[in-house]
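Worksheet: the structure to be examined is printed underneath.
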Amino acid sequence: MKKQKMETERFGKLAVDYSLFYAGKVEVNPKVPVRDLSDFSIWYTPGVASVSRIIAENEDLSFRYTGRWNTIAVVSDGSRVLGLGDIGPAASMPVMEGKALIYKYLGGVNAVPLPIDAHKPEEIVDMVKKLEPAFGGINLEDIASPKCFYVLDKCREEMQIPVWHDDQQGTAGVTLAGLINALTFTGRKLRGTKILLFGAGAANIATVPVLVAAGADYGDLILVDSKGILHPEREDIDELLLRHPLKYELALKTNKERRKGGSKEAFEDVDVVIGASKPGPGVWKPEWIRSMAEDSIVFALANPVPEMWPEEAKEAGARITATGRSDFANQVNNSLLFPAMFRGVLNVRARTISDKMAVMAAMEIARFAEERGLKEDYIIPTMEEWEFYPRVAAVVAEEAVKEGLARVKMTKDEAYQKSVEIIQKARQTLDLHCREKLILPPPE
Amino acid sequence: MVTETSDVVIRDARPEEVDAIAGLALRLKRLNGEFDPMFQVRVDAEEKLREYLSEAIESPERVVLVAVAGGKVVGMVKADLVDRLFYVPKTKGEIVEFYVLPEFRRKRLGEELMEQIIKRLNKEGADIIAAEFPALNQIAVSFYEKQGFRGLVYIYAKTL
């Protein structure tokens, strides 16, 4: 365990040194030729006026004549960044840049990191809505619960481009993907499996409806927050009614056995624990893991350090473990989903992202790993296996078309080919820049 | 008088139920505090509530009804019969405490409790019914407006 702690510190030091060296992880690059001076008369004035005139007649054409179709904004107010809490928009920039890097490299999606100095939920919604003419979609990021639920819902309601809160929907989707295979591997079905969701922030609250959409029963899910197990007779239930209506609803719908108590009681006999709470280690006790059902599934997803080191969980009897980190087996990380989700969604210019689209994406991610052969330490693909991204994008596009949410129709195969093309180009461009030393290798 | 809504029974409160009813009333007081910081609950509120409700259960000028499901008190309502000094109708039934556990909300239990207490207050001579609750409790405002109530008296306040 000390080794992992040192690894975390090492990554931190490298991140600081490298960030200083590169001063930015993504940049804007021209994607049209500039052959001579007269090209500027085409790309800029006077030629460009004709393009603007066309779009002025029909706003939708901006998706065809500009890069808007393949550009999203990654928006944050910095109010809940990773496991660091409310560090503000400027400090969230490194994370937003990282997100943009992954969007481009794995999904071929142009993403603009956009920390904003708006904090009241209505202010954030207002600001995001006003960005609509510039983008094909919005990724909300690291916005604290419970305001993030309001912000996501309001933006989705009032905007015509897809809005996605990755901490909610992304985490829910990849958790489902990992869970599908973990359940298969341990001979379980989603329906009837007792699942403990440890932590009732944006991630786990969003995971509940996605699990239910995939076939789980609300009653078999138990939520635990900082005050203990969520149930309708908890002392603060009316406080939740006013301050956190989603939690209130879940207190009523979940936990049909009406289990009461704290963490110890919560872990007893459950098949699965999904941790999306505060960073560890030491958030979970080994005896809690031991009290779970046999062949238990332990997803310790807190960032940057999981609630419990997977080794410890295994020692305490867990059969399958997963964390959010790439230096452990079974990385359940949103990066497996969001680039593919937006690749698919942007291909068909979907109006919104539905829960069903997230479920279909999760199933495709799971299917990919299953095809390669499930093992205890391989229940979900890794970010290096880039071939699944276009497959997931195609499934998302197909589902969008099926649900009547797609403005541009294409077949699953067309969506797949288009995704492969775009993603390959993004990867080739980066490789080319590195080879040509336009991007320097990191300092020693 | 006893009425039933599926498996919930509404009847007069019994003295031995005072602890359970006080528990619900305490939740009510806390909820009021959530709506309005001027209703911050006293540390000894639960004890005071027990005394207050014991007295009410015994008193002929007060009515306490409970909703009971599976032997457990899941809802309560308390009203006072008051004579208005200068106005008619003379006898007013004032609903002052009203609470239903979250698990039993959205099942019309609130409306049933209201119906029962109003019937009783009317039987005891009340020709006008009033309900008292914190002004900032929007849920109560909508609830009573739906039942045909309207604002009667304003009490404006500020802390010093």
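Each chain in the structure tokens gets a letter, A, B and so on, in the order shown; residues start at 1 in every chain, and ligands are counted from 1 in the order they appear.
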8 Å contact set for B:Gly125, only C-alpha atoms, chain neighbours under 3 positions out, as a list in words: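 Result of the neighbour search: Thr91, Leu121 and Asn122 of chain B.
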Export of prior selection with N, CA, C and O atoms as a CSV table (one decimal), in the first residue's frame:
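File selection-v2.csv, as written:
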```
chain,number,residue,atom,x,y,z
B,91,THR,N,-66.9,30.8,17.5
B,91,THR,CA,-66.0,29.7,17.8
B,91,THR,C,-65.1,29.3,16.7
B,91,THR,O,-65.6,28.9,15.6
B,121,LEU,N,-64.0,19.5,14.8
B,121,LEU,CA,-64.1,20.8,15.3
B,121,LEU,C,-65.5,21.4,15.1
B,121,LEU,O,-66.0,22.1,15.9
B,122,ASN,N,-66.0,21.1,13.9
B,122,ASN,CA,-67.3,21.6,13.6
B,122,ASN,C,-68.4,21.1,14.6
B,122,ASN,O,-69.2,21.8,15.1
```
Residues of chain B within 10 Å of chain A, only C-alpha atoms counted, as JSON, numbers by chain: {"B": [26, 27, 28, 30, 31, 32, 33, 34, 35, 101, 102, 103, 104]}
Just write the chosen residues, N, CA and C atoms, as a compact mmCIF listing (two decimals), in the first residue's frame.
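Generated file (selection38.txt):
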```
# COMPACT_ATOMS: atom_id res chain seq x y z
N LEU B 26 -41.87 16.90 16.86
CA LEU B 26 -40.49 17.41 16.84
C LEU B 26 -39.99 17.51 15.40
N ARG B 27 -40.31 16.48 14.60
CA ARG B 27 -39.93 16.54 13.18
C ARG B 27 -40.57 17.75 12.51
N LEU B 28 -41.82 18.02 12.89
CA LEU B 28 -42.53 19.17 12.32
C LEU B 28 -41.78 20.45 12.67
N ARG B 30 -38.69 20.85 13.45
CA ARG B 30 -37.42 20.92 12.71
C ARG B 30 -37.65 21.34 11.28
N LEU B 31 -38.72 20.79 10.68
CA LEU B 31 -39.06 21.16 9.30
C LEU B 31 -39.35 22.65 9.21
N ASN B 32 -40.06 23.18 10.20
CA ASN B 32 -40.32 24.62 10.23
C ASN B 32 -39.01 25.40 10.26
N GLY B 33 -38.07 24.88 11.05
CA GLY B 33 -36.75 25.52 11.13
C GLY B 33 -36.02 25.49 9.80
N GLU B 34 -36.26 24.45 9.00
CA GLU B 34 -35.65 24.39 7.66
C GLU B 34 -36.23 25.46 6.75
N PHE B 35 -37.53 25.72 6.92
CA PHE B 35 -38.15 26.76 6.10
C PHE B 35 -37.69 28.14 6.52
N LEU B 101 -45.48 11.30 8.31
CA LEU B 101 -44.17 10.75 7.98
C LEU B 101 -44.00 10.63 6.46
N PRO B 102 -42.77 10.89 5.95
CA PRO B 102 -42.54 10.87 4.50
C PRO B 102 -43.07 9.64 3.81
N GLU B 103 -42.92 8.48 4.45
CA GLU B 103 -43.34 7.23 3.81
C GLU B 103 -44.84 7.19 3.56
N PHE B 104 -45.60 8.02 4.32
CA PHE B 104 -47.05 7.97 4.20
C PHE B 104 -47.62 9.21 3.52
```
Test item: residues at most 12 Å from A:Gly228, only C-alpha atoms, excluding those fewer than 3 positions along its chain, as a list in words: Leu196, Leu197, Phe198, Gly199, Ala200, Ile222, Leu223, Val224, Asp225, His231, Glu233, Arg234, Glu235, Asp236, Ile237, Ala251, Arg259, Lys260, Gly261, Gly262, Ser263, Lys264, Glu265, Ala266 and Phe267 of chain A
Print the selection's residues with N, CA, C and O atoms to a file, as a tab-separated table (two decimals), in the first residue's frame.
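Result file selection.tsv:
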```tsv
chain	number	residue	atom	x	y	z
A	196	LEU	N	-24.82	-1.80	-2.68
A	196	LEU	CA	-24.62	-0.68	-1.77
A	196	LEU	C	-23.94	0.44	-2.54
A	196	LEU	O	-22.88	0.25	-3.11
A	197	LEU	N	-24.56	1.59	-2.59
A	197	LEU	CA	-23.95	2.76	-3.21
A	197	LEU	C	-23.43	3.63	-2.09
A	197	LEU	O	-24.21	4.27	-1.37
A	198	PHE	N	-22.12	3.62	-1.92
A	198	PHE	CA	-21.50	4.30	-0.78
A	198	PHE	C	-21.09	5.69	-1.23
A	198	PHE	O	-20.19	5.86	-2.03
A	199	GLY	N	-21.80	6.68	-0.69
A	199	GLY	CA	-21.58	8.04	-1.17
A	199	GLY	C	-22.83	8.41	-1.95
A	199	GLY	O	-23.29	7.64	-2.80
A	200	ALA	N	-23.42	9.56	-1.59
A	200	ALA	CA	-24.66	9.96	-2.28
A	200	ALA	C	-24.45	11.33	-2.92
A	200	ALA	O	-25.24	12.25	-2.73
A	222	ILE	N	-29.10	0.24	-1.82
A	222	ILE	CA	-29.00	0.95	-0.54
A	222	ILE	C	-28.01	2.08	-0.72
A	222	ILE	O	-26.91	1.87	-1.23
A	223	LEU	N	-28.41	3.27	-0.30
A	223	LEU	CA	-27.50	4.42	-0.40
A	223	LEU	C	-26.99	4.80	0.98
A	223	LEU	O	-27.73	4.79	1.95
A	224	VAL	N	-25.72	5.18	1.03
A	224	VAL	CA	-25.13	5.65	2.28
A	224	VAL	C	-24.49	7.01	2.01
A	224	VAL	O	-23.75	7.15	1.05
A	225	ASP	N	-24.79	7.99	2.88
A	225	ASP	CA	-24.08	9.26	2.77
A	225	ASP	C	-23.36	9.52	4.09
A	225	ASP	O	-23.27	8.64	4.94
A	231	HIS	N	-32.81	6.35	4.55
A	231	HIS	CA	-34.13	5.72	4.70
A	231	HIS	C	-35.12	6.80	5.13
A	231	HIS	O	-34.72	7.85	5.64
A	233	GLU	N	-37.07	7.36	7.56
A	233	GLU	CA	-37.28	7.84	8.92
A	233	GLU	C	-36.04	8.46	9.52
A	233	GLU	O	-35.97	8.71	10.72
A	234	ARG	N	-35.07	8.73	8.64
A	234	ARG	CA	-33.87	9.37	9.16
A	234	ARG	C	-34.22	10.74	9.70
A	234	ARG	O	-35.11	11.41	9.17
A	235	GLU	N	-33.49	11.16	10.73
A	235	GLU	CA	-33.80	12.44	11.40
A	235	GLU	C	-33.81	13.62	10.46
A	235	GLU	O	-34.58	14.55	10.63
A	236	ASP	N	-32.94	13.60	9.46
A	236	ASP	CA	-32.81	14.77	8.58
A	236	ASP	C	-33.65	14.65	7.32
A	236	ASP	O	-33.45	15.39	6.35
A	237	ILE	N	-34.60	13.72	7.31
A	237	ILE	CA	-35.34	13.45	6.06
A	237	ILE	C	-36.08	14.70	5.55
A	237	ILE	O	-36.12	14.96	4.35
A	251	ALA	N	-34.52	8.16	-0.82
A	251	ALA	CA	-34.72	7.59	0.52
A	251	ALA	C	-36.03	6.80	0.56
A	251	ALA	O	-36.14	5.77	1.23
A	259	ARG	N	-33.38	-0.90	5.88
A	259	ARG	CA	-32.22	-1.06	6.73
A	259	ARG	C	-31.84	0.30	7.31
A	259	ARG	O	-31.87	1.31	6.62
A	260	LYS	N	-31.43	0.30	8.61
A	260	LYS	CA	-31.03	1.56	9.25
A	260	LYS	C	-29.61	1.43	9.78
A	260	LYS	O	-29.10	0.33	9.96
A	261	GLY	N	-28.99	2.57	10.01
A	261	GLY	CA	-27.68	2.53	10.65
A	261	GLY	C	-26.60	3.21	9.85
A	261	GLY	O	-26.86	4.06	9.01
A	262	GLY	N	-25.35	2.81	10.15
A	262	GLY	CA	-24.20	3.44	9.50
A	262	GLY	C	-23.53	2.49	8.52
A	262	GLY	O	-24.13	1.54	8.05
A	263	SER	N	-22.24	2.76	8.26
A	263	SER	CA	-21.50	1.99	7.26
A	263	SER	C	-21.50	0.50	7.59
A	263	SER	O	-21.71	-0.35	6.73
A	264	LYS	N	-21.25	0.19	8.85
A	264	LYS	CA	-21.15	-1.22	9.25
A	264	LYS	C	-22.41	-1.98	8.86
A	264	LYS	O	-22.34	-3.04	8.23
A	265	GLU	N	-23.56	-1.40	9.19
A	265	GLU	CA	-24.83	-2.07	8.88
A	265	GLU	C	-25.06	-2.11	7.37
A	265	GLU	O	-25.65	-3.05	6.84
A	266	ALA	N	-24.58	-1.07	6.70
A	266	ALA	CA	-24.83	-0.96	5.26
A	266	ALA	C	-24.16	-2.07	4.46
A	266	ALA	O	-24.71	-2.57	3.49
A	267	PHE	N	-22.94	-2.47	4.90
A	267	PHE	CA	-22.17	-3.45	4.14
A	267	PHE	C	-22.66	-4.88	4.31
A	267	PHE	O	-22.39	-5.74	3.47
```
12 Å contact set for B:Pro15, only C-alpha atoms, chain neighbours under 5 positions out, as a ChimeraX atom specification: /B:20-22,50-59,64-66
Residues within 12 Å of stretch 403-408 of chain A, only C-alpha atoms, excluding chain neighbours under 2 positions, as JSON, numbers by chain: {"A": [60, 63, 64, 69, 136, 160, 161, 162, 344, 345, 346, 347, 348, 349, 350, 351, 352, 353, 354, 355, 356, 357, 396, 397, 398, 399, 400, 401, 410, 411, 414, 415]}
Nearest to A:Ala313 by atom-to-atom distance, counting only C-alpha atoms, from A:Glu364, A:Glu287, A:Asp413, A:Asp166: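 Distance minimum relative to A:Ala313 lands on A:Glu287.
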Nearest candidate to B:Met114 (options B:Pro134, B:Gly70, B:Pro37, B:Gly75; using only C-alpha atoms):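 Going through B:Pro134, B:Gly70, B:Pro37, B:Gly75 one by one, the smallest distance to B:Met114 is for B:Gly75.
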